file query-v7.csv (CSV, C-alpha atoms)
chain,number,residue,atom,x,y,z
A,1,MET,CA,9.8,17.7,12.3
A,2,VAL,CA,8.1,15.9,9.4
A,3,GLN,CA,4.3,15.8,9.6
A,4,TRP,CA,3.0,12.2,10.3
A,5,TYR,CA,1.2,12.1,6.9
A,6,HIS,CA,4.5,12.9,5.1
A,7,SER,CA,6.4,10.3,7.2
A,8,ILE,CA,8.0,7.3,5.5
A,9,ILE,CA,6.5,5.0,8.2
A,10,THR,CA,3.0,6.2,7.3
A,11,LYS,CA,3.6,5.8,3.6
A,12,LEU,CA,5.1,2.3,4.1
A,13,ILE,CA,2.2,1.1,6.2
A,14,ILE,CA,-0.4,2.5,3.9
A,15,ALA,CA,1.3,1.0,0.8
A,16,PHE,CA,1.6,-2.4,2.5
A,17,ILE,CA,-2.0,-2.3,3.7
A,18,ILE,CA,-3.2,-1.5,0.2
A,19,LEU,CA,-1.1,-4.3,-1.1
A,20,ILE,CA,-2.5,-6.8,1.4
A,21,LEU,CA,-6.1,-5.6,0.8
A,22,VAL,CA,-5.8,-6.1,-2.9
A,23,ILE,CA,-4.2,-9.6,-2.5
A,24,ALA,CA,-6.4,-10.7,0.4
A,25,GLY,CA,-9.5,-9.2,-1.3
A,26,LEU,CA,-9.0,-11.1,-4.5
A,27,SER,CA,-8.2,-14.3,-2.5
A,28,VAL,CA,-11.3,-13.8,-0.3
A,29,LEU,CA,-13.5,-13.2,-3.4
A,30,TYR,CA,-12.3,-16.4,-5.0
A,31,THR,CA,-12.3,-18.5,-1.8
A,32,PHE,CA,-15.7,-17.3,-0.6
A,33,GLY,CA,-17.2,-17.9,-4.0
A,34,ALA,CA,-15.7,-21.4,-4.2
A,35,THR,CA,-16.7,-22.2,-0.6
A,36,LYS,CA,-20.3,-21.1,-1.1
A,37,GLU,CA,-20.5,-23.3,-4.2
A,38,ALA,CA,-18.9,-26.2,-2.5
A,39,LEU,CA,-21.2,-25.8,0.5
A,40,LYS,CA,-24.3,-25.8,-1.7
A,41,GLU,CA,-23.0,-28.8,-3.6
A,42,THR,CA,-22.5,-30.7,-0.3
A,43,THR,CA,-26.0,-29.7,0.8
A,44,ARG,CA,-27.4,-31.0,-2.5
A,45,ASP,CA,-25.5,-34.3,-2.1
A,46,GLU,CA,-26.9,-34.7,1.4
A,47,LEU,CA,-30.4,-34.0,0.2
A,48,VAL,CA,-30.1,-36.5,-2.6
A,49,ALA,CA,-28.7,-39.2,-0.3
A,50,LEU,CA,-31.4,-38.5,2.4
A,51,ALA,CA,-34.2,-38.6,-0.1
A,52,SER,CA,-32.9,-41.8,-1.6
A,53,VAL,CA,-32.7,-43.5,1.8
A,54,ILE,CA,-36.2,-42.3,2.8
A,55,ALA,CA,-37.6,-43.5,-0.6
A,56,THR,CA,-36.4,-47.1,0.1
A,57,GLN,CA,-38.4,-47.1,3.4
A,58,ILE,CA,-41.7,-46.2,1.8
A,59,ASP,CA,-44.1,-48.8,0.4
A,60,GLY,CA,-44.7,-47.7,-3.2
A,61,ASP,CA,-47.8,-49.8,-3.5
A,62,SER,CA,-49.4,-48.3,-0.4
A,63,LEU,CA,-48.5,-44.8,-1.7
A,64,LYS,CA,-50.1,-45.5,-5.1
A,65,ALA,CA,-53.3,-46.7,-3.4
A,66,LEU,CA,-53.8,-43.5,-1.3
A,67,GLN,CA,-56.6,-41.3,-2.6
A,68,PRO,CA,-58.0,-38.0,-1.4
A,69,GLY,CA,-60.1,-38.6,1.7
A,70,ASP,CA,-57.7,-41.4,2.9
A,71,GLU,CA,-56.0,-39.0,5.4
A,72,GLU,CA,-57.3,-40.9,8.4
A,73,SER,CA,-56.5,-44.4,7.0
A,74,PRO,CA,-54.0,-46.6,8.8
A,75,THR,CA,-51.8,-46.6,5.7
A,76,PHE,CA,-51.6,-42.9,5.5
A,77,LEU,CA,-51.0,-42.4,9.2
A,78,ARG,CA,-48.3,-45.1,9.1
A,79,ILE,CA,-46.4,-43.4,6.3
A,80,ARG,CA,-47.0,-39.9,7.8
A,81,ASP,CA,-45.6,-41.0,11.2
A,82,GLN,CA,-42.6,-42.6,9.4
A,83,LEU,CA,-41.9,-39.4,7.6
A,84,TYR,CA,-42.5,-37.2,10.6
A,85,ALA,CA,-40.0,-39.3,12.6
A,86,ILE,CA,-37.4,-38.7,10.0
A,87,GLU,CA,-38.2,-35.0,9.7
A,88,SER,CA,-37.9,-34.6,13.5
A,89,SER,CA,-34.7,-36.5,13.7
A,90,SER,CA,-32.6,-33.6,12.2
A,91,PRO,CA,-32.9,-29.8,12.7
A,92,GLU,CA,-31.4,-29.6,9.2
A,93,ILE,CA,-34.6,-31.0,7.6
A,94,LEU,CA,-37.5,-28.6,7.2
A,95,TYR,CA,-40.1,-30.7,5.4
A,96,VAL,CA,-40.5,-34.3,4.2
A,97,TYR,CA,-43.4,-35.3,1.9
A,98,THR,CA,-44.4,-37.6,-0.9
A,99,MET,CA,-45.9,-36.8,-4.2
A,100,LYS,CA,-47.2,-38.5,-7.3
A,101,GLN,CA,-48.2,-37.7,-10.8
A,102,SER,CA,-51.9,-37.0,-11.4
A,103,ASN,CA,-53.9,-35.9,-14.4
A,104,ASP,CA,-53.7,-32.2,-13.2
A,105,GLY,CA,-49.9,-32.3,-12.5
A,106,ILE,CA,-47.8,-33.2,-9.5
A,107,ALA,CA,-49.9,-33.7,-6.3
A,108,PHE,CA,-49.0,-34.3,-2.7
A,109,VAL,CA,-49.8,-37.6,-1.2
A,110,VAL,CA,-48.4,-37.8,2.4
A,111,ASP,CA,-47.1,-34.7,4.1
A,112,ALA,CA,-45.1,-35.5,7.3
A,113,GLU,CA,-46.9,-32.6,9.1
A,114,TYR,CA,-50.4,-33.5,8.0
A,115,GLY,CA,-52.6,-33.1,11.1
A,116,ILE,CA,-49.7,-31.5,13.0
A,117,SER,CA,-49.2,-28.3,11.1
A,118,GLU,CA,-52.1,-26.3,9.7
A,119,ASP,CA,-50.5,-25.5,6.4
A,120,ALA,CA,-49.6,-29.1,5.6
A,121,ALA,CA,-50.8,-30.4,2.3
A,122,GLY,CA,-53.5,-33.1,2.0
A,123,ILE,CA,-53.7,-36.0,-0.5
A,124,GLY,CA,-54.3,-34.7,-4.0
A,125,ASP,CA,-53.3,-31.1,-3.3
A,126,ILE,CA,-51.6,-29.9,-6.6
A,127,TYR,CA,-48.2,-28.4,-6.3
A,128,GLU,CA,-48.6,-25.3,-8.5
A,129,THR,CA,-45.0,-24.6,-9.6
A,130,PRO,CA,-43.2,-27.9,-10.2
A,131,THR,CA,-39.6,-27.5,-11.2
A,132,GLU,CA,-37.6,-29.5,-13.8
A,133,GLU,CA,-35.7,-31.2,-11.0
A,134,MET,CA,-38.9,-32.3,-9.3
A,135,LYS,CA,-40.1,-33.9,-12.5
A,136,THR,CA,-36.7,-35.5,-12.9
A,137,GLY,CA,-37.1,-36.9,-9.4
A,138,PHE,CA,-39.6,-39.4,-10.8
A,139,GLN,CA,-36.7,-41.0,-12.7
A,140,VAL,CA,-33.5,-40.5,-10.6
A,141,PRO,CA,-32.6,-39.0,-7.3
A,142,VAL,CA,-31.9,-35.3,-7.8
A,143,ALA,CA,-31.7,-32.0,-6.0
A,144,GLU,CA,-32.6,-28.5,-6.9
A,145,HIS,CA,-29.7,-26.3,-8.2
A,146,GLU,CA,-31.2,-23.1,-6.8
A,147,TYR,CA,-33.4,-22.2,-3.9
A,148,THR,CA,-37.1,-22.3,-4.5
A,149,THR,CA,-39.7,-20.1,-2.9
A,150,ASP,CA,-43.3,-21.2,-2.4
A,151,GLN,CA,-46.0,-20.7,0.2
A,152,TRP,CA,-43.9,-22.8,2.7
A,153,GLY,CA,-40.8,-20.6,2.4
A,154,THR,CA,-37.5,-20.5,0.6
A,155,VAL,CA,-35.9,-24.0,0.6
A,156,ILE,CA,-33.5,-26.2,-1.3
A,157,SER,CA,-35.0,-29.6,-2.1
A,158,GLY,CA,-33.9,-33.1,-2.9
A,159,TYR,CA,-36.1,-35.8,-4.5
A,160,ALA,CA,-35.9,-39.5,-5.1
A,161,PRO,CA,-38.3,-41.9,-6.8
A,162,VAL,CA,-40.5,-44.3,-4.6
A,163,LYS,CA,-40.9,-47.7,-6.2
A,164,ASN,CA,-43.4,-50.5,-5.6
A,165,ALA,CA,-42.8,-54.2,-5.3
A,166,ALA,CA,-42.7,-54.6,-9.1
A,167,GLY,CA,-40.0,-51.9,-9.3
A,168,GLU,CA,-42.3,-49.3,-10.9
A,169,VAL,CA,-42.1,-45.7,-9.8
A,170,THR,CA,-45.3,-44.7,-8.0
A,171,GLY,CA,-44.2,-41.4,-6.6
A,172,ILE,CA,-41.4,-39.3,-5.2
A,173,VAL,CA,-40.2,-38.4,-1.7
A,174,GLY,CA,-39.2,-34.8,-1.3
A,175,VAL,CA,-36.9,-33.4,1.4
A,176,ASP,CA,-36.6,-29.7,2.0
A,177,MET,CA,-33.8,-27.9,3.8
A,178,SER,CA,-34.3,-24.3,4.9
A,179,ALA,CA,-32.3,-21.8,2.7
A,180,THR,CA,-31.7,-19.8,5.9
A,181,ARG,CA,-29.7,-22.6,7.4
A,182,VAL,CA,-27.5,-23.0,4.2
A,183,ILE,CA,-27.1,-19.2,4.0
A,184,GLU,CA,-26.2,-19.1,7.7
A,185,ARG,CA,-23.5,-21.6,7.1
A,186,GLN,CA,-22.2,-19.6,4.1
A,187,ASP,CA,-22.3,-16.4,6.2
A,188,PHE,CA,-20.4,-18.0,9.0
A,189,ILE,CA,-17.6,-19.1,6.7
A,190,GLY,CA,-17.6,-15.6,5.1
A,191,THR,CA,-17.3,-14.0,8.5
A,192,ILE,CA,-14.4,-16.3,9.4
A,193,ILE,CA,-12.6,-15.5,6.2
A,194,TYR,CA,-13.1,-11.7,6.7
A,195,LEU,CA,-11.9,-12.0,10.3
A,196,ILE,CA,-8.7,-13.9,9.3
A,197,MET,CA,-8.1,-11.2,6.7
A,198,LEU,CA,-8.6,-8.4,9.3
A,199,ILE,CA,-6.3,-10.1,11.8
A,200,GLY,CA,-3.7,-10.6,9.0
A,201,ILE,CA,-3.8,-6.9,8.1
A,202,GLY,CA,-3.5,-6.0,11.7
A,203,ILE,CA,-0.5,-8.2,12.3
A,204,THR,CA,1.2,-7.0,9.1
A,205,ALA,CA,0.6,-3.4,10.0
A,206,VAL,CA,2.3,-3.9,13.4
A,207,ILE,CA,5.3,-5.8,11.9
A,208,ILE,CA,5.7,-3.1,9.2
A,209,GLY,CA,5.3,-0.4,11.8
A,210,LEU,CA,8.0,-1.9,14.0
A,211,ILE,CA,10.5,-2.4,11.1
A,212,SER,CA,9.8,1.1,9.8
A,213,MET,CA,10.2,2.6,13.3
A,214,THR,CA,13.8,1.4,13.5
A,215,MET,CA,14.5,2.8,10.1
A,216,ILE,CA,12.9,6.2,11.0
A,217,ARG,CA,14.8,6.3,14.3
A,218,ASP,CA,18.2,5.9,12.5
A,219,ILE,CA,17.3,8.4,9.8
A,220,ARG,CA,16.2,10.9,12.4
A,221,SER,CA,19.5,10.3,14.3
A,222,LEU,CA,21.5,11.1,11.1
A,223,ASN,CA,19.3,14.1,10.5
A,224,ASP,CA,19.9,15.4,14.0
A,225,SER,CA,23.7,15.1,13.5
A,226,ALA,CA,23.5,16.9,10.1
A,227,GLU,CA,21.5,19.7,11.7
A,228,LYS,CA,24.0,20.1,14.5
A,229,ILE,CA,26.9,20.3,12.0
A,230,SER,CA,25.0,22.7,9.8
A,231,THR,CA,24.8,25.1,12.8
A,232,GLY,CA,28.5,24.8,13.5
A,233,ASP,CA,28.4,22.2,16.3
A,234,ILE,CA,30.9,19.5,15.3
A,235,ASN,CA,30.8,17.7,18.6
A,236,VAL,CA,28.6,14.9,17.2
A,237,LEU,CA,29.1,11.2,16.9
A,238,VAL,CA,27.3,9.1,14.3
A,239,THR,CA,26.2,6.0,16.2
A,240,VAL,CA,24.0,4.4,13.6
A,241,GLU,CA,25.1,0.8,12.8
A,242,ARG,CA,23.2,-1.1,10.2
A,243,ASN,CA,24.0,-3.5,7.4
A,244,ASP,CA,21.6,-2.0,4.9
A,245,GLU,CA,21.5,1.1,2.7
A,246,ILE,CA,20.9,3.3,5.7
A,247,GLY,CA,24.0,1.8,7.3
A,248,GLU,CA,26.0,2.7,4.2
A,249,LEU,CA,24.7,6.2,4.3
A,250,ALA,CA,25.6,6.4,8.0
A,251,ASN,CA,29.2,5.2,7.3
A,252,SER,CA,29.6,7.8,4.5
A,253,PHE,CA,28.2,10.5,6.7
A,254,SER,CA,30.4,9.5,9.6
A,255,ARG,CA,33.5,9.7,7.4
A,256,MET,CA,32.5,13.1,6.2
A,257,VAL,CA,31.9,14.3,9.8
A,258,SER,CA,35.2,12.9,10.9
A,259,SER,CA,37.1,14.7,8.2
A,260,LEU,CA,35.2,17.9,9.0
A,261,LYS,CA,36.3,17.5,12.6
A,262,ILE,CA,39.9,16.9,11.7
A,263,MET,CA,40.0,20.0,9.5
A,264,MET,CA,38.3,22.2,12.0
A,265,MET,CA,40.5,21.1,14.9
A,266,ASP,CA,43.2,23.4,16.1
A,267,ASP,CA,46.6,22.4,14.8
A,268,LYS,CA,47.4,20.8,18.1
A,269,PRO,CA,47.9,17.1,19.0
B,1,MET,CA,55.2,7.5,0.5
B,2,SER,CA,56.3,4.2,2.0
B,3,ASP,CA,54.3,1.0,1.5
B,4,VAL,CA,53.4,0.9,5.2
B,5,SER,CA,52.2,4.5,5.1
B,6,GLU,CA,49.9,3.7,2.1
B,7,LYS,CA,48.4,0.7,3.9
B,8,VAL,CA,47.8,2.7,7.1
B,9,LEU,CA,46.2,5.6,5.1
B,10,ALA,CA,44.0,3.1,3.2
B,11,VAL,CA,42.7,1.6,6.5
B,12,THR,CA,42.2,5.0,8.2
B,13,VAL,CA,40.3,6.6,5.3
B,14,GLN,CA,37.6,4.0,5.8
B,15,GLU,CA,36.8,5.4,9.2
B,16,LEU,CA,38.0,9.0,9.1
B,17,GLY,CA,37.4,10.0,5.4
B,18,PRO,CA,39.5,12.3,3.2
B,19,ALA,CA,41.2,14.2,6.0
B,20,SER,CA,42.8,11.0,7.3
B,21,LYS,CA,46.3,11.9,6.0
B,22,ARG,CA,46.2,15.2,7.9
B,23,PHE,CA,45.2,13.3,11.1
B,24,LEU,CA,47.9,10.7,10.7
B,25,GLU,CA,50.5,13.3,9.9
B,26,ARG,CA,49.6,15.1,13.2
B,27,GLN,CA,49.9,11.9,15.2
B,28,THR,CA,53.4,11.1,13.8
B,29,LYS,CA,54.6,14.7,14.1
B,30,TYR,CA,53.5,15.3,17.7
B,31,HIS,CA,53.6,11.9,19.3
B,32,MET,CA,56.4,10.1,17.4
B,33,ASN,CA,59.3,12.6,17.6
B,34,GLY,CA,58.4,14.5,14.5
B,35,LEU,CA,58.4,11.5,12.2
B,36,GLU,CA,57.1,12.2,8.7
B,37,PHE,CA,54.0,10.1,8.0
B,38,ASP,CA,55.3,9.3,4.6
B,39,ASN,CA,58.4,7.6,6.1
B,40,LEU,CA,56.5,5.2,8.3
B,41,THR,CA,57.9,1.7,8.7
B,42,LYS,CA,56.7,-1.5,10.2
B,43,ASP,CA,58.4,-0.8,13.5
B,44,HIS,CA,56.3,2.4,14.0
B,45,ILE,CA,53.0,0.5,13.7
B,46,PRO,CA,52.4,-0.3,17.4
B,47,GLU,CA,53.2,3.2,18.6
B,48,LEU,CA,51.0,4.8,15.8
B,49,ALA,CA,48.2,2.4,16.6
B,50,LYS,CA,48.3,3.4,20.2
B,51,TRP,CA,48.0,7.1,19.4
B,52,VAL,CA,45.4,6.7,16.8
B,53,GLY,CA,43.3,4.7,19.3
B,54,ILE,CA,43.6,7.6,21.8
B,55,SER,CA,43.2,10.6,19.4
B,56,ALA,CA,40.5,9.1,17.2
B,57,GLN,CA,38.2,8.8,20.3
B,58,LEU,CA,37.5,12.5,20.0
B,59,ILE,CA,36.4,12.2,16.4
B,60,VAL,CA,34.6,8.8,16.1
B,61,GLY,CA,34.1,7.7,19.7
B,62,GLU,CA,35.7,4.9,21.8
B,63,LYS,CA,34.4,1.9,20.0
B,64,LYS,CA,35.3,3.0,16.4
B,65,ALA,CA,38.7,4.4,17.6
B,66,ALA,CA,39.6,1.0,19.2
B,67,LEU,CA,38.5,-0.8,16.1
B,68,LEU,CA,40.7,1.5,13.9
B,69,ALA,CA,43.7,1.0,16.2
B,70,GLU,CA,43.2,-2.8,15.9
B,71,MET,CA,43.1,-2.6,12.1
B,72,ILE,CA,46.3,-0.5,12.1
B,73,LYS,CA,48.0,-3.0,14.4
B,74,LYS,CA,47.4,-5.8,11.9
B,75,ILE,CA,49.2,-4.0,9.1
B,76,SER,CA,52.5,-5.7,8.4
call {"tool": "encode", "arguments": {"input": "query-v7.csv", "output": "structure tokens"}}
result
Amino acid sequence: MVQWYHSIITKLIIAFIILILVIAGLSVLYTFGATKEALKETTRDELVALASVIATQIDGDSLKALQPGDEESPTFLRIRDQLYAIESSSPEILYVYTMKQSNDGIAFVVDAEYGISEDAAGIGDIYETPTEEMKTGFQVPVAEHEYTTDQWGTVISGYAPVKNAAGEVTGIVGVDMSATRVIERQDFIGTIIYLIMLIGIGITAVIIGLISMTMIRDIRSLNDSAEKISTGDINVLVTVERNDEIGELANSFSRMVSSLKIMMMDDKP
Amino acid sequence: MSDVSEKVLAVTVQELGPASKRFLERQTKYHMNGLEFDNLTKDHIPELAKWVGISAQLIVGEKKAALLAEMIKKIS
């Protein structure tokens, strides 16, 4: 009896699983990479669109007029409530805020969570690490290419310019989406891809196993007949019927056995 | 060897291998009044097919023996 690790069925299954792993692995690597990039691109597009829409709803003249200490003014509270309503409308949005250029750099104006969250920024608070995309946001709607990490967490942000009645840019609106949510989406897609690959490998292994088993069964049957003949027992019948190479082997073997029987029979009818 | 004998041998070799002639000679000798296999004619075919069908069962089993007998019957 052949040991299982020397068996053709084991070798066939292992060979096919390796083949599938290589093909599926390469496909998954490519698909997952492309999907991640596409997902990020979609998120960026959503952020740009959202920031652009919010920017059209903010009065650029009022934004320009707000100065440090105006946090309790009706104008500030109106814009804050407006932004907070937008922020609360979607779980995808983490923060919404407005900013404008100051002598010291880029400063916050209205933070949607001012007076609601303790770590919200007040008017004139300087944003310490402005990115190139944030600066570009004063000209055209844009989104960050990579995640940014600051004191409020790791986010991906979109910006759009806020204009006054004269069409001049008076600030920007920024929309942050949590990196965790985007990464969760990517991980979900990754998990689905890996699951599909695992199920595919499982199904293939079962199919190969079943096909191999019929081959092994017939090879064993031929082997049993050969063993009997080798010990002098010619009372064997070759019952293997296949249309493949094993079938051809079985037919040749059957002819050989038949001739042996004829020659070993008594010279009687 | 007659033309019919050659055709019968060719068909039988496919099932019984190189010892087919010995098998066929035995059938004609013992079941067909000592007929020499080499002198087989078309008229002997039905009788030979019948005995091949019976005797070959011991060698290749019922199914293959019946198939071989049918193939011999078709020889003209």
call {"tool": "interface_residues", "arguments": {"input": "query-v7.csv", "of": "chain A", "to": "chain B", "cutoff": "9 Å", "atoms": "all atoms listed in the file", "output": "ChimeraX atom specification"}}
result
/A:235-239,251-252,254-263,267-269
call {"tool": "closest_residue", "arguments": {"input": "query-v7.csv", "among": "A:Tyr127, A:Phe16, A:Phe188, A:Phe138", "to": "Thr35 of chain A", "atoms": "only C-alpha atoms"}}
result
A:Phe188
call {"tool": "residues_around", "arguments": {"input": "query-v7.csv", "residues": "segment 90-92 of chain A", "least_positions_apart": "4", "cutoff": "8 Å", "atoms": "only C-alpha atoms", "output": "mmCIF file with C-alpha atoms, in the coordinates of the input"}}
result
data_model
loop_
_atom_site.group_PDB
_atom_site.id
_atom_site.type_symbol
_atom_site.label_atom_id
_atom_site.label_comp_id
_atom_site.auth_asym_id
_atom_site.auth_seq_id
_atom_site.Cartn_x
_atom_site.Cartn_y
_atom_site.Cartn_z
ATOM 1 C CA ILE A 86 -37.400 -38.700 10.000
ATOM 2 C CA MET A 177 -33.800 -27.900 3.800
ATOM 3 C CA SER A 178 -34.300 -24.300 4.900
ATOM 4 C CA ARG A 181 -29.700 -22.600 7.400
#
call {"tool": "residues_around", "arguments": {"input": "query-v7.csv", "residues": "Met71 of chain B", "least_positions_apart": "6", "cutoff": "10 Å", "atoms": "all atoms listed in the file", "output": "MDAnalysis selection string"}}
result
chainID B and resid 8 11:12 49 65
call {"tool": "residues_around", "arguments": {"input": "query-v7.csv", "residues": "Ile8 of chain A", "least_positions_apart": "4", "cutoff": "10 Å", "atoms": "only C-alpha atoms", "output": "ChimeraX atom specification"}}
result
/A:2,4,12-14,212-213,215-216
call {"tool": "write_last_selection", "arguments": {"input": "query-v7.csv", "atoms": "C-alpha atoms", "output": "PDB file, keeping the file's coordinate frame"}}
result
ATOM      1  CA  VAL A   2       8.100  15.900   9.400  1.00  0.00           C
ATOM      2  CA  TRP A   4       3.000  12.200  10.300  1.00  0.00           C
ATOM      3  CA  LEU A  12       5.100   2.300   4.100  1.00  0.00           C
ATOM      4  CA  ILE A  13       2.200   1.100   6.200  1.00  0.00           C
ATOM      5  CA  ILE A  14      -0.400   2.500   3.900  1.00  0.00           C
ATOM      6  CA  SER A 212       9.800   1.100   9.800  1.00  0.00           C
ATOM      7  CA  MET A 213      10.200   2.600  13.300  1.00  0.00           C
ATOM      8  CA  MET A 215      14.500   2.800  10.100  1.00  0.00           C
ATOM      9  CA  ILE A 216      12.900   6.200  11.000  1.00  0.00           C
TER      10      ILE A 216
END
call {"tool": "closest_residue", "arguments": {"input": "query-v7.csv", "among": "B:Ile72, B:Leu9, B:Met1, B:Leu67", "to": "Glu47 of chain B", "atoms": "all atoms listed in the file"}}
result
B:Ile72
call {"tool": "closest_residue", "arguments": {"input": "query-v7.csv", "among": "A:Ala121, A:Ile203, A:Ala15, A:Leu39", "to": "Pro68 of chain A", "atoms": "all atoms listed in the file"}}
result
A:Ala121
call {"tool": "atom_distance", "arguments": {"input": "query-v7.csv", "atom1": "atom CA of Gln57 of chain B", "atom2": "atom CA of Ile45 of chain B"}}
result
18.2 Å
call {"tool": "residues_around", "arguments": {"input": "query-v7.csv", "residues": "segment 129-131 of chain A", "least_positions_apart": "4", "cutoff": "9 Å", "atoms": "all atoms listed in the file", "output": "compact mmCIF listing (two decimals) with C-alpha atoms, in the coordinates of the input"}}
result
# COMPACT_ATOMS: atom_id res chain seq x y z
CA GLY A 105 -49.90 -32.30 -12.50
CA ILE A 106 -47.80 -33.20 -9.50
CA LYS A 135 -40.10 -33.90 -12.50
CA THR A 136 -36.70 -35.50 -12.90
CA GLU A 144 -32.60 -28.50 -6.90
CA THR A 148 -37.10 -22.30 -4.50
CA ASP A 150 -43.30 -21.20 -2.40
call {"tool": "residues_around", "arguments": {"input": "query-v7.csv", "residues": "Thr204 of chain A", "least_positions_apart": "3", "cutoff": "9 Å", "atoms": "all atoms listed in the file", "output": "count of residues only"}}
result
10
call {"tool": "atom_distance", "arguments": {"input": "query-v7.csv", "atom1": "atom CA of Trp152 of chain A", "atom2": "atom CA of Lys40 of chain A"}}
result
20.3 Å
call {"tool": "closest_residue", "arguments": {"input": "query-v7.csv", "among": "B:Ile54, B:Ala66, B:Ile75, B:Leu24", "to": "Asp38 of chain B", "atoms": "only C-alpha atoms"}}
result
B:Leu24
call {"tool": "atom_distance", "arguments": {"input": "query-v7.csv", "atom1": "atom CA of Ile192 of chain A", "atom2": "atom CA of Ile23 of chain A"}}
result
17.0 Å
call {"tool": "closest_residue", "arguments": {"input": "query-v7.csv", "among": "B:Glu25, B:Ala69, B:Glu62, B:Val52", "to": "Leu40 of chain B", "atoms": "only C-alpha atoms"}}
result
B:Glu25
call {"tool": "decode", "arguments": {"input": "query-v7.csv", "residues": "segment 251-262 of chain A", "atoms": "N, CA and C atoms", "output": "CSV table (one decimal), in the first residue's frame"}}
result
chain,number,residue,atom,x,y,z
A,251,ASN,N,-6.7,-1.9,-21.1
A,251,ASN,CA,-7.0,-2.8,-22.3
A,251,ASN,C,-5.8,-3.6,-22.6
A,252,SER,N,-4.6,-3.0,-22.6
A,252,SER,CA,-3.4,-3.7,-22.9
A,252,SER,C,-3.2,-4.8,-21.9
A,253,PHE,N,-3.4,-4.4,-20.6
A,253,PHE,CA,-3.2,-5.3,-19.5
A,253,PHE,C,-4.2,-6.5,-19.6
A,254,SER,N,-5.4,-6.2,-20.0
A,254,SER,CA,-6.5,-7.2,-20.2
A,254,SER,C,-6.1,-8.2,-21.2
A,255,ARG,N,-5.6,-7.7,-22.4
A,255,ARG,CA,-5.1,-8.6,-23.5
A,255,ARG,C,-4.0,-9.5,-23.0
A,256,MET,N,-3.1,-8.9,-22.2
A,256,MET,CA,-1.9,-9.7,-21.7
A,256,MET,C,-2.4,-10.8,-20.8
A,257,VAL,N,-3.4,-10.5,-19.9
A,257,VAL,CA,-3.9,-11.4,-18.9
A,257,VAL,C,-4.7,-12.5,-19.7
A,258,SER,N,-5.5,-12.1,-20.7
A,258,SER,CA,-6.2,-13.1,-21.5
A,258,SER,C,-5.3,-14.1,-22.1
A,259,SER,N,-4.2,-13.6,-22.7
A,259,SER,CA,-3.3,-14.5,-23.4
A,259,SER,C,-2.6,-15.5,-22.4
A,260,LEU,N,-2.3,-14.9,-21.2
A,260,LEU,CA,-1.7,-15.7,-20.2
A,260,LEU,C,-2.7,-16.9,-19.8
A,261,LYS,N,-3.9,-16.5,-19.6
A,261,LYS,CA,-5.0,-17.5,-19.2
A,261,LYS,C,-5.1,-18.6,-20.3
A,262,ILE,N,-5.1,-18.1,-21.5
A,262,ILE,CA,-5.2,-19.1,-22.7
A,262,ILE,C,-4.1,-20.1,-22.6
